[in-house]
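Heads up, my_file_0.pdb below (PDB, C-alpha atoms):
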ATOM      1  CA  MET O  24     -10.044  -1.880  -3.049  1.00  0.00           C
ATOM      2  CA  GLY O  25      -7.306  -4.379  -3.738  1.00  0.00           C
ATOM      3  CA  ALA O  26      -5.834  -7.806  -3.198  1.00  0.00           C
ATOM      4  CA  GLN O  27      -2.548  -9.362  -2.147  1.00  0.00           C
ATOM      5  CA  ILE O  28      -1.044 -12.810  -2.407  1.00  0.00           C
ATOM      6  CA  GLY O  29       2.071 -14.060  -0.707  1.00  0.00           C
ATOM      7  CA  TYR O  30       4.337 -16.895   0.286  1.00  0.00           C
ATOM      8  CA  ARG O  31       5.889 -17.499   3.719  1.00  0.00           C
ATOM      9  CA  TYR O  32       8.748 -19.821   4.497  1.00  0.00           C
ATOM     10  CA  LEU O  33       8.469 -20.852   8.167  1.00  0.00           C
ATOM     11  CA  THR O  34      11.966 -21.182   9.624  1.00  0.00           C
ATOM     12  CA  ASN O  35      11.264 -24.073  12.034  1.00  0.00           C
ATOM     13  CA  GLY O  36       8.540 -25.861  10.050  1.00  0.00           C
ATOM     14  CA  SER O  37       5.695 -24.950  12.432  1.00  0.00           C
ATOM     15  CA  GLN O  38       3.244 -22.047  12.407  1.00  0.00           C
ATOM     16  CA  ASN O  39       4.784 -20.774  15.677  1.00  0.00           C
ATOM     17  CA  SER O  40       8.002 -19.386  14.159  1.00  0.00           C
ATOM     18  CA  TRP O  41       9.882 -16.654  12.390  1.00  0.00           C
ATOM     19  CA  PHE O  42       9.231 -16.457   8.644  1.00  0.00           C
ATOM     20  CA  PHE O  43      10.326 -14.707   5.496  1.00  0.00           C
ATOM     21  CA  GLY O  44       8.734 -14.537   2.079  1.00  0.00           C
ATOM     22  CA  ALA O  45       7.278 -12.341  -0.636  1.00  0.00           C
ATOM     23  CA  MET O  46       4.015 -10.482  -1.248  1.00  0.00           C
ATOM     24  CA  ALA O  47       2.484  -9.240  -4.510  1.00  0.00           C
ATOM     25  CA  GLY O  48      -0.402  -6.785  -4.468  1.00  0.00           C
ATOM     26  CA  TYR O  49      -2.614  -4.653  -6.679  1.00  0.00           C
ATOM     27  CA  ASP O  50      -5.162  -2.053  -5.634  1.00  0.00           C
ATOM     28  CA  GLY O  51      -7.029   0.990  -6.817  1.00  0.00           C
ATOM     29  CA  GLY O  52      -8.717   3.982  -5.277  1.00  0.00           C
ATOM     30  CA  ASN O  53      -9.001   7.758  -5.350  1.00  0.00           C
ATOM     31  CA  THR O  54      -6.738  10.545  -4.185  1.00  0.00           C
ATOM     32  CA  ASN O  55      -8.512  13.781  -3.308  1.00  0.00           C
ATOM     33  CA  LEU O  56      -6.299  16.735  -4.129  1.00  0.00           C
ATOM     34  CA  ARG O  57      -7.145  20.263  -3.000  1.00  0.00           C
ATOM     35  CA  THR O  58      -5.370  23.312  -4.474  1.00  0.00           C
ATOM     36  CA  SER O  59      -5.843  26.936  -3.445  1.00  0.00           C
ATOM     37  CA  GLU O  60      -4.879  30.200  -5.102  1.00  0.00           C
ATOM     38  CA  THR O  61      -5.115  33.358  -3.016  1.00  0.00           C
ATOM     39  CA  SER O  62      -5.176  36.929  -4.262  1.00  0.00           C
ATOM     40  CA  ALA O  63      -5.955  40.177  -2.459  1.00  0.00           C
ATOM     41  CA  ALA O  64      -9.644  39.895  -3.361  1.00  0.00           C
ATOM     42  CA  MET O  65     -10.406  36.176  -2.971  1.00  0.00           C
ATOM     43  CA  THR O  66      -9.265  32.586  -2.615  1.00  0.00           C
ATOM     44  CA  ILE O  67     -10.047  30.026  -5.305  1.00  0.00           C
ATOM     45  CA  THR O  68     -10.054  26.422  -4.168  1.00  0.00           C
ATOM     46  CA  ARG O  69     -10.212  23.501  -6.571  1.00  0.00           C
ATOM     47  CA  VAL O  70     -10.764  19.878  -5.571  1.00  0.00           C
ATOM     48  CA  TYR O  71      -9.726  17.013  -7.850  1.00  0.00           C
ATOM     49  CA  ASP O  72     -10.753  13.392  -7.466  1.00  0.00           C
ATOM     50  CA  LEU O  73      -7.844  11.484  -9.035  1.00  0.00           C
ATOM     51  CA  PRO O  74      -8.437   7.735  -9.562  1.00  0.00           C
ATOM     52  CA  TYR O  75      -5.330   5.553  -9.344  1.00  0.00           C
ATOM     53  CA  THR O  76      -4.107   1.978  -9.570  1.00  0.00           C
ATOM     54  CA  ARG O  77      -1.051   0.631  -7.754  1.00  0.00           C
ATOM     55  CA  TRP O  78       1.024  -2.546  -7.856  1.00  0.00           C
ATOM     56  CA  ARG O  79       3.739  -3.674  -5.459  1.00  0.00           C
ATOM     57  CA  LEU O  80       6.115  -6.589  -4.932  1.00  0.00           C
ATOM     58  CA  THR O  81       7.770  -6.798  -1.508  1.00  0.00           C
ATOM     59  CA  ALA O  82      10.145  -9.072   0.377  1.00  0.00           C
ATOM     60  CA  THR O  83       8.828  -9.660   3.906  1.00  0.00           C
ATOM     61  CA  ALA O  84      10.014 -10.968   7.259  1.00  0.00           C
ATOM     62  CA  GLY O  85       8.064 -11.481  10.448  1.00  0.00           C
ATOM     63  CA  ARG O  86       7.005 -13.631  13.367  1.00  0.00           C
ATOM     64  CA  ARG O  87       3.874 -15.617  14.161  1.00  0.00           C
ATOM     65  CA  TRP O  88       3.030 -16.638  17.732  1.00  0.00           C
ATOM     66  CA  VAL O  89       0.461 -19.428  18.205  1.00  0.00           C
ATOM     67  CA  PHE O  90      -1.416 -19.757  21.501  1.00  0.00           C
ATOM     68  CA  GLY O  91      -3.506 -22.790  22.511  1.00  0.00           C
ATOM     69  CA  PRO O  92      -5.375 -24.684  19.798  1.00  0.00           C
ATOM     70  CA  GLY O  93      -4.966 -22.031  17.078  1.00  0.00           C
ATOM     71  CA  LEU O  94      -5.209 -18.415  18.222  1.00  0.00           C
ATOM     72  CA  ASN O  95      -2.295 -16.508  16.699  1.00  0.00           C
ATOM     73  CA  VAL O  96      -0.723 -13.085  16.477  1.00  0.00           C
ATOM     74  CA  THR O  97       1.323 -12.178  13.407  1.00  0.00           C
ATOM     75  CA  ALA O  98       3.632  -9.221  12.847  1.00  0.00           C
ATOM     76  CA  ARG O  99       5.550  -8.647   9.606  1.00  0.00           C
ATOM     77  CA  PHE O 100       7.277  -5.935   7.632  1.00  0.00           C
ATOM     78  CA  GLY O 101       8.218  -5.786   3.955  1.00  0.00           C
ATOM     79  CA  VAL O 102       9.831  -3.472   1.460  1.00  0.00           C
ATOM     80  CA  GLY O 103      10.189  -3.686  -2.313  1.00  0.00           C
ATOM     81  CA  ALA O 104       9.190  -2.158  -5.625  1.00  0.00           C
ATOM     82  CA  GLY O 105       5.905  -0.434  -6.400  1.00  0.00           C
ATOM     83  CA  LYS O 106       4.273   2.046  -8.740  1.00  0.00           C
ATOM     84  CA  ARG O 107       1.124   4.168  -8.657  1.00  0.00           C
ATOM     85  CA  SER O 108      -0.561   5.309 -11.908  1.00  0.00           C
ATOM     86  CA  TYR O 109      -3.250   7.985 -12.135  1.00  0.00           C
ATOM     87  CA  ALA O 110      -6.059   7.894 -14.703  1.00  0.00           C
ATOM     88  CA  GLN O 111      -6.312  10.675 -17.277  1.00  0.00           C
ATOM     89  CA  GLY O 112      -9.650  12.266 -18.169  1.00  0.00           C
ATOM     90  CA  ASP O 113     -11.059  15.117 -20.259  1.00  0.00           C
ATOM     91  CA  ASN O 114     -10.085  17.961 -17.890  1.00  0.00           C
ATOM     92  CA  ALA O 115      -6.635  19.373 -18.801  1.00  0.00           C
ATOM     93  CA  GLU O 116      -6.015  20.892 -15.365  1.00  0.00           C
ATOM     94  CA  ALA O 117      -6.975  17.655 -13.578  1.00  0.00           C
ATOM     95  CA  ASN O 118      -4.677  15.728 -15.952  1.00  0.00           C
ATOM     96  CA  HIS O 119      -1.833  18.098 -15.102  1.00  0.00           C
ATOM     97  CA  GLN O 120      -2.440  17.566 -11.376  1.00  0.00           C
ATOM     98  CA  ALA O 121      -2.592  13.776 -11.908  1.00  0.00           C
ATOM     99  CA  ALA O 122       0.725  13.824 -13.796  1.00  0.00           C
ATOM    100  CA  THR O 123       2.323  15.914 -11.050  1.00  0.00           C
ATOM    101  CA  MET O 124       1.052  13.568  -8.309  1.00  0.00           C
ATOM    102  CA  GLU O 125       2.277  10.533 -10.256  1.00  0.00           C
ATOM    103  CA  MET O 126       5.730  12.086 -10.582  1.00  0.00           C
ATOM    104  CA  VAL O 127       5.869  12.860  -6.841  1.00  0.00           C
ATOM    105  CA  VAL O 128       4.668   9.476  -5.538  1.00  0.00           C
ATOM    106  CA  ASN O 129       6.857   7.522  -7.978  1.00  0.00           C
ATOM    107  CA  PHE O 130      10.003   9.594  -7.387  1.00  0.00           C
ATOM    108  CA  LEU O 131      11.216   6.745  -5.173  1.00  0.00           C
ATOM    109  CA  PRO O 132       9.390   3.662  -6.518  1.00  0.00           C
ATOM    110  CA  VAL O 133       9.479   1.894  -3.148  1.00  0.00           C
ATOM    111  CA  ALA O 134       6.569   0.048  -1.561  1.00  0.00           C
ATOM    112  CA  VAL O 135       6.299  -0.608   2.173  1.00  0.00           C
ATOM    113  CA  ASP O 136       4.048  -3.402   3.419  1.00  0.00           C
ATOM    114  CA  SER O 137       3.278  -4.343   7.014  1.00  0.00           C
ATOM    115  CA  GLU O 138       0.892  -6.432   9.084  1.00  0.00           C
ATOM    116  CA  VAL O 139      -0.144  -6.829  12.708  1.00  0.00           C
ATOM    117  CA  SER O 140      -3.016  -9.284  12.974  1.00  0.00           C
ATOM    118  CA  ILE O 141      -4.871 -11.659  15.252  1.00  0.00           C
ATOM    119  CA  GLY O 142      -6.251 -14.801  13.666  1.00  0.00           C
ATOM    120  CA  TRP O 143      -6.872 -18.534  13.850  1.00  0.00           C
ATOM    121  CA  VAL O 144      -4.511 -21.185  12.505  1.00  0.00           C
ATOM    122  CA  PHE O 145      -6.133 -24.452  11.433  1.00  0.00           C
TER     123      PHE O 145
END
Using structure tokens, write down the structure from this file.
Amino acid sequence: MGAQIGYRYLTNGSQNSWFFGAMAGYDGGNTNLRTSETSAAMTITRVYDLPYTRWRLTATAGRRWVFGPGLNVTARFGVGAGKRSYAQGDNAEANHQAATMEMVVNFLPVAVDSEVSIGWVF
């Protein structure tokens, strides 16, 4: 679950135009991580439910096409900074996995944001 807020500067002053702007977002959820260890006798599989929160701030550019009295199609793409943080709990092994996942996903702290939508302009 999350939310985003943004600003769009319309290049020709109407809704039917190219635009650029910025988006800020925050969300949270769960990452399910499955690890397996195999020996000659058996395979041990562990599943971790790792809760996370994430923020992002992206610069965006796109185009909105308006048809008739208000039907529109919007396409945009954005890139910027972002970070994901995993919650720590009372299980040492799960905490280790959470720290490892956090290190991997934040190795390049880049957020990508995109949209293709159909809507109504009023």
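Picture a line from atom CA of O:Tyr49 to atom CA of O:Val135; it runs 13.2 Å.
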- Query: Once the PyMOL selection byres ((chain O and resi 74-77) around 9) has been applied to the shown file, what residues remain in the selection, as a list in words?
  - Reply: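 Those residues are Gly25, Gly48, Tyr49, Asp50, Gly51, Gly52, Asn53, Thr54, Asn55, Asp72, Leu73, Trp78, Arg79, Gly105, Lys106, Arg107, Ser108, Tyr109, Ala110, Gln111 and Ala121 of chain O.
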Would you save the residues of that selection, restricted to C-alpha atoms, as a PDB file, keeping the file's coordinate frame?
ATOM      1  CA  GLY O  25      -7.306  -4.379  -3.738  1.00  0.00           C
ATOM      2  CA  GLY O  48      -0.402  -6.785  -4.468  1.00  0.00           C
ATOM      3  CA  TYR O  49      -2.614  -4.653  -6.679  1.00  0.00           C
ATOM      4  CA  ASP O  50      -5.162  -2.053  -5.634  1.00  0.00           C
ATOM      5  CA  GLY O  51      -7.029   0.990  -6.817  1.00  0.00           C
ATOM      6  CA  GLY O  52      -8.717   3.982  -5.277  1.00  0.00           C
ATOM      7  CA  ASN O  53      -9.001   7.758  -5.350  1.00  0.00           C
ATOM      8  CA  THR O  54      -6.738  10.545  -4.185  1.00  0.00           C
ATOM      9  CA  ASN O  55      -8.512  13.781  -3.308  1.00  0.00           C
ATOM     10  CA  ASP O  72     -10.753  13.392  -7.466  1.00  0.00           C
ATOM     11  CA  LEU O  73      -7.844  11.484  -9.035  1.00  0.00           C
ATOM     12  CA  TRP O  78       1.024  -2.546  -7.856  1.00  0.00           C
ATOM     13  CA  ARG O  79       3.739  -3.674  -5.459  1.00  0.00           C
ATOM     14  CA  GLY O 105       5.905  -0.434  -6.400  1.00  0.00           C
ATOM     15  CA  LYS O 106       4.273   2.046  -8.740  1.00  0.00           C
ATOM     16  CA  ARG O 107       1.124   4.168  -8.657  1.00  0.00           C
ATOM     17  CA  SER O 108      -0.561   5.309 -11.908  1.00  0.00           C
ATOM     18  CA  TYR O 109      -3.250   7.985 -12.135  1.00  0.00           C
ATOM     19  CA  ALA O 110      -6.059   7.894 -14.703  1.00  0.00           C
ATOM     20  CA  GLN O 111      -6.312  10.675 -17.277  1.00  0.00           C
ATOM     21  CA  ALA O 121      -2.592  13.776 -11.908  1.00  0.00           C
TER      22      ALA O 121
END
- Quick one: everything within 10 Å of O:Ile141, counting all atoms listed in the file, minus sequence neighbours fewer than 3 positions away in the same chain. Send it as JSON, numbers by chain. {"O": [87, 88, 89, 94, 95, 96, 97, 98, 138, 144]}
- Which of O:Thr81, O:Thr34, O:Ser62, O:Asn39 sits closest to O:Ser137 [using all atoms listed in the file]: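 Among the listed residues, the smallest separation from O:Ser137 belongs to O:Thr81.
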- Query: Between O:Asn114, O:Thr123, O:Ser37, O:Thr83, which one has atoms that come closest to O:Asp136, using all atoms listed in the file?
  - Reply: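 Going through O:Asn114, O:Thr123, O:Ser37, O:Thr83 one by one, the smallest distance to O:Asp136 is for O:Thr83.
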- Which of these, O:Ala104, O:Gly142, O:Arg57, O:Phe42, has the shortest distance to O:Phe90 once you count only C-alpha atoms?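 Result for the nearest residue to O:Phe90: O:Gly142.
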- Query: How many Å lie between atom CA of O:Arg86 and atom CA of O:Phe43, rounded to one decimal?
  - Reply: 8.6 Å
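Interatomic distance, atom CA of O:Thr68 against atom CA of O:Leu56: 10.4 Å.
Of the listed residues (O:Gly36, O:Gly44, O:Pro92, O:Gly85), O:Pro92 comes nearest to O:Trp143; the distances count only C-alpha atoms.
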Determine, counting all atoms listed in the file, which protein, DNA and RNA residues have an atom within 9 Å of an atom of O:Ile28; residues of the same chain fewer than 6 positions away are not included. Present the result as a tab-separated table (two decimals) with C-alpha atoms, in the coordinates of the input.
chain	number	residue	atom	x	y	z
O	45	ALA	CA	7.28	-12.34	-0.64
O	46	MET	CA	4.01	-10.48	-1.25
O	47	ALA	CA	2.48	-9.24	-4.51
O	48	GLY	CA	-0.40	-6.78	-4.47
- Query: For O:Trp41, which residue among O:Glu60, O:Arg69, O:Arg99, O:Met24 is the nearest when counting all atoms listed in the file?
  - Reply: O:Arg99
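Closest approach to O:Glu116 from the set O:Val128, O:Val139, O:Val70, O:Ala134 is made by O:Val70, with distances taken over all atoms listed in the file.
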